[in-house]
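First the structure, in the form of structure tokens, and then the observations on it.
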Amino acid sequence: MRQHRSFRFQEQFGSGPGLGPGSGTCLMKVEGIAPNFIKSIYKASAALYRTDPWKRLCPGHIFGVRVGKDTDWSGKKQPFPCVQFVGGDGGDIGFHMFRSQSDAKKMTGSRETVQVPNVELLRVTYEREALMFPSNRKMIKSLSLEVSGSDRFPVIDVARCTSSGSLRFRHPSSEELRFVYAFMKAIALVHPLLREDKEGGPKWSRLMHFEPFIETVDVQWPQEMAKGYDLVAVTISHPPGQAYEERASATASSTPTKYAELSKEESFVDIRVYLNGSLKQCAACEKEIHSEQALSCGRCRAVVYCSSVCQKQHTKETHKSMCGLYKAMMEREEELEMNIFMFACDADQPCKWLESLGIHQKGMWRRRCSCYSHCPFGLLPVKGGLWDAWGGLDDEEFPRDSSFQHHVRDGTSSPILLSGWSEYYNLRSLPLSSPVADILSHPLTVYYILTTLNISSKNLLQKGKEVIVHYLGPEGELDWMPAFAEVGHLLNGLGNVQIVMVGSEVPTNLSGTTSGIGGRVRVNLVRGVYQEEASYLPPPHVIVALNCGLDSYANWGGALNSIKSMAVPAFFTDQSELSCANAKQALRSAGLHITHPVTPNPFRSPVKHHEPSSNLPSYSNAMEIPAIHPYQSVFPSHLIYPYHLVPENYVHWTETPESHIFSADIPGVRKEDIKVEVEDSVYLIIRTERIEEESTEQPSSRTFMRKFRLPGRVDIERISAGYEDGVLTVTVPRSLRRAFFIEPADVPERLEGV
């Protein structure tokens with residue numbers, strides 16, 4: 001008997017970290033739990049398993065996790081704020097959740113989990129169905145629970161080590177299971193964003209080290225788990241923060257305030273700040289000081305003070321709770337810097353910066369300093385042509401008013417897809433010493449949203465149709481119309497864009513006017529607040545707000561409510577990570593859903609700005625926030641593939657309670673050329689096969705193939721496929737699997753219910 005049990009243990013767990021075989025716990029025995037609750041847990045577990053975190057993560061990687069507010073949980077504290085993944089280097093595949101970071105470190109041995117008396121942890125272990133206890137096998141069969149991988153299912157229990165060296169197990173509570181669900185949904189999104197720190201850690205260590213990381217994402221509670229609100233903010237950090245606090249005014253679904261506690265020896269270190277003789281402002285007393293006299297916090301180096309007295313007072317009253325967050329933001333400054341350019345990219349003193357480039361008080365650059373602040377937006381005196389608009393730059397240093405004649409694919413033109421400034425500068429043959437990226441950041445961010453981030457607008461443009469954009473809160477852009485002509489040139493002869501700019505800064509005498517910028521871009525100007533004007537405007541396909549300052553203007557509340565009622569994808573940018581964090585709170589409070597982490601905008605301005613009392617990195621259109629109505633599904637490519645253009649034929653995989661949905665953006669392909677197959681009842685294959693005709697086109701120009709392992713327990717006989725507006729959608733219903741073959745040419749153009 002002992003030999004059989006030992007063999008079973010080795011087969012199931014190997015010899016790596018773990019606490020032994022399954023304890024026999026079954027979620028059906030948890031008090032007050034509903035079948036749909038269990039199904040949601042298993043779906044989230046399967047989704048996490050598909051992302052394979054164990055490929056990079058080991059027990060030595062400890063994560064901090066925070067779900068909602070402390071007051072949301074029993075005892076007014078987070079149930080299991082520390083997590084480690086086990087099994088990546090051998091042993092049982094799963095993860096352990098601990099009551100504290102101290103417990104996590106005590107139980108993490110060099111080769112196996114250490115049993116520490118009176119320490120309790122929650123563990124999720126992926127076990128093979130054949131080796132599970134009968135009660136769990138019966139539950140899986142009766143509820144048709146989703147499989148993780150090909151043959152594994154999660155087993156969840158809570159273990160406590162006794163002083164005698166034995167283990168005691170219990171069923172998790174429904175509250176603990178809610179916490180596990182939120183963690184699994186969040187970590188599946190953010191762990192791929194971890195970046196390896198090749199310089200960190202000892203060189204002899206085999207453990208992969210990661211750069212410091214902290215990110216907050218929204219998780220939508222299933223109906224059976226919601227308690228008064230649909231969304232919860234989940235914060236994942238690595239390594240775990242020393243401490244966390246939250247603002248008293250935070251709502252149930254708002255982002256908690258993150259910080260790392262200051263140590264006493266670091267609290268009052270004075271660091272001199274030198275910023276080219278500019279004026280700064282003390283964060284405590286608001287006194288203006290020269291930068292050579294300024295001090296900053298010795299730990300985060302983000303906040304400016306006039307004296308150590310102000311520093312100590314401000315740290316004690318306010319800064320202490322934010323220092324860790326500011327430190328993390330300062331450490332990420334390199335991510336925002338753009339080192340490809342060959343002109344000065346620091347505009348701490350805008351007038352001097354413009355003078356160094358020979359463009360001060362010239363053309364569109366007059367909006368880049370305060371010298372023309374007396375002149376209303378949109379009413380700068382205009383003289384001359386494009387050369388004057390760009391401030392008299394050399395002819396080769398600004399984009400010409402011309403199309404891209406030679407950018408043709410398969411004999412036809414299509415909108416040019418761009419991934420960043422390097423590609424654009426090469427396309428326009430601009431030298432990297434040209435500063436035009438600072439102004440072009442606005443029009444090219446809009447173009448990037450329309451052609452890369454939002455699938456529906458991209459498809460409309462590729463079909464030669466018009467896309468309507470509601471552009472909220474324009475200011476300096478009202479004087480940059482010549483730069484927006486570049487949007488029309490990049491469309492490359494296909495499609496049109498109508499930009500409706502709405503805001504209180506639109507001059508009264510320009511409100512209601514329409515300007516044609518080139519042949520494919522029209523700009524309508526409307527003075528007023530969006531919530532009052534929206535019903536009179538043409539319905540938008542996309543809404544954008546650049547450098548939005550959501551936390552700075554009170555009238556955003558009504559505008560966000562209008563956006564929510566329209567159920568239209570909306571994209572926001574702001575100048576710093578801190579302002580984006582505040583903007584996320586405003587969006588959540590309005591009921592808009594942010595499904596992915598905020599990341600840098602590839603078309604942000606390369607020119608760094610400085611706030612009077614802060615050293616935090618700040619750039620125009622620095623970071624993007626996609627916000628959507630809670631019941632929509634939008635998957636911004638730049639969040640899945642940060643900093644790079646998403647592959648044109650990227651396949652999105654989404655899940656509903658009834659089915660798995662695969663969608664691929666493949667415009668320009670005939671429906672009869674698409675094949676969807678199931679191979680060996682295991683793999684789903686999507687591919688295009690061009691039928692040879694008299695055309696001279698190359699068959700390989702629009703061909704591709706994608707192959708996926710099918711999720712467990714799906715009904716192959718009821719798989720359906722549809723192709724509409726350049727998007728192929730394959731719906732795989734949940735149930736049992738059998739072999740089947742689909743010919744998309746035999747299905748209707750539009751699938752009802754997909």
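Identifiers for the structure tokens are assigned positionally: chains receive A, B, ... in sequence, residues are indexed from 1 per chain, and ligands are indexed from 1 in the order shown.
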
Q: Would you mind writing down, as a ChimeraX atom specification, each residue of segment 453-644 of chain A that DSSP on the backbone assigns to alpha helix (DSSP H)?
A: /A:455-462,481-490,530-533,556-566,577-589,637-640

Close residues, segment 384-387 of chain A itself excluded, 9 Å, only C-alpha atoms, min 5 positions apart in chain, as a compact mmCIF listing (two decimals) with N, CA, C and O atoms, in the first residue's frame:
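What follows is the written file out.txt:
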```txt
# COMPACT_ATOMS: atom_id res chain seq x y z
N GLY A 363 5.34 79.52 -37.04
CA GLY A 363 4.39 78.53 -37.52
C GLY A 363 3.61 77.84 -36.42
O GLY A 363 3.17 78.45 -35.44
N GLY A 392 9.69 77.13 -40.93
CA GLY A 392 10.87 77.38 -41.74
C GLY A 392 11.93 76.30 -41.64
O GLY A 392 13.11 76.56 -41.91
N LEU A 393 11.55 75.09 -41.24
CA LEU A 393 12.50 73.98 -41.25
C LEU A 393 12.98 73.73 -42.67
O LEU A 393 12.30 74.08 -43.65
N ASP A 394 14.15 73.14 -42.80
CA ASP A 394 14.65 72.79 -44.13
C ASP A 394 13.65 71.87 -44.83
O ASP A 394 12.91 71.11 -44.20
N ASP A 395 13.66 71.92 -46.16
CA ASP A 395 12.67 71.18 -46.94
C ASP A 395 12.66 69.69 -46.62
O ASP A 395 11.61 69.05 -46.66
N PHE A 398 10.56 68.27 -42.94
CA PHE A 398 9.15 68.18 -42.60
C PHE A 398 8.43 67.41 -43.72
O PHE A 398 8.89 67.37 -44.86
N ARG A 400 6.17 66.43 -46.72
CA ARG A 400 5.61 67.18 -47.84
C ARG A 400 4.12 66.87 -47.99
O ARG A 400 3.64 65.83 -47.54
N ASP A 401 3.40 67.74 -48.64
CA ASP A 401 1.97 67.55 -48.89
C ASP A 401 1.81 66.67 -50.13
O ASP A 401 1.38 67.11 -51.19
N PRO A 482 -2.52 71.71 -40.57
CA PRO A 482 -1.64 71.19 -41.63
C PRO A 482 -1.03 69.83 -41.28
O PRO A 482 -0.79 69.01 -42.17
```

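Taking atom CA of Asn492 of chain A as the reference point, atom CA of Arg522 of chain A is found at 15.6 Å.
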
Q. Pick from A:Leu48, A:Leu143, A:Val607, A:Ala581: nearest to Val217 of chain A, with only C-alpha atoms counted?
A.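 Checking each candidate against Val217 of chain A, we get A:Ala581 as the closest.
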
Q: For Arg332 of chain A, list every protein, DNA or RNA residue within 12 Å, evaluated using only C-alpha atoms, and leave out those in the same chain fewer than 5 positions away; present the list as a PyMOL selection string.
A: chain A and resi 195+211-214+300+325-327+337+576-578+599-600+616-618

Please produce an output containing C-alpha atoms for each residue in the selection, written as a PDB file, in the first residue's frame.
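And here is the file that came out, part-v1.pdb:
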```pdb
ATOM      1  CA  ARG A 195      10.599  41.974 -18.465  1.00  0.00           C
ATOM      2  CA  GLU A 211      12.535  44.174 -13.483  1.00  0.00           C
ATOM      3  CA  PRO A 212      10.367  45.668 -10.705  1.00  0.00           C
ATOM      4  CA  PHE A 213       6.756  45.463 -11.831  1.00  0.00           C
ATOM      5  CA  ILE A 214       3.417  46.772 -10.630  1.00  0.00           C
ATOM      6  CA  CYS A 300      11.962  58.176  -5.231  1.00  0.00           C
ATOM      7  CA  LEU A 325       4.632  54.262  -6.433  1.00  0.00           C
ATOM      8  CA  TYR A 326       6.646  57.301  -7.533  1.00  0.00           C
ATOM      9  CA  LYS A 327       9.867  55.300  -7.259  1.00  0.00           C
ATOM     10  CA  GLU A 337      12.477  57.791 -23.486  1.00  0.00           C
ATOM     11  CA  SER A 576       2.448  60.530 -17.460  1.00  0.00           C
ATOM     12  CA  GLU A 577       1.908  57.240 -15.714  1.00  0.00           C
ATOM     13  CA  LEU A 578       0.549  59.055 -12.659  1.00  0.00           C
ATOM     14  CA  THR A 599       1.200  50.895 -22.057  1.00  0.00           C
ATOM     15  CA  PRO A 600       3.326  53.559 -23.808  1.00  0.00           C
ATOM     16  CA  LEU A 616       8.126  62.258 -12.991  1.00  0.00           C
ATOM     17  CA  PRO A 617       8.637  61.554 -16.718  1.00  0.00           C
ATOM     18  CA  SER A 618       6.009  63.379 -18.773  1.00  0.00           C
TER      19      SER A 618
END
```

Q: Can you work out which one of A:Ser45, A:Asn561, A:Ser373, A:Gln101 has the shortest atom-to-atom distance to Phe153 of chain A, counting only C-alpha atoms?
A: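 Of the candidates, the smallest distance to Phe153 of chain A is held by A:Ser45.
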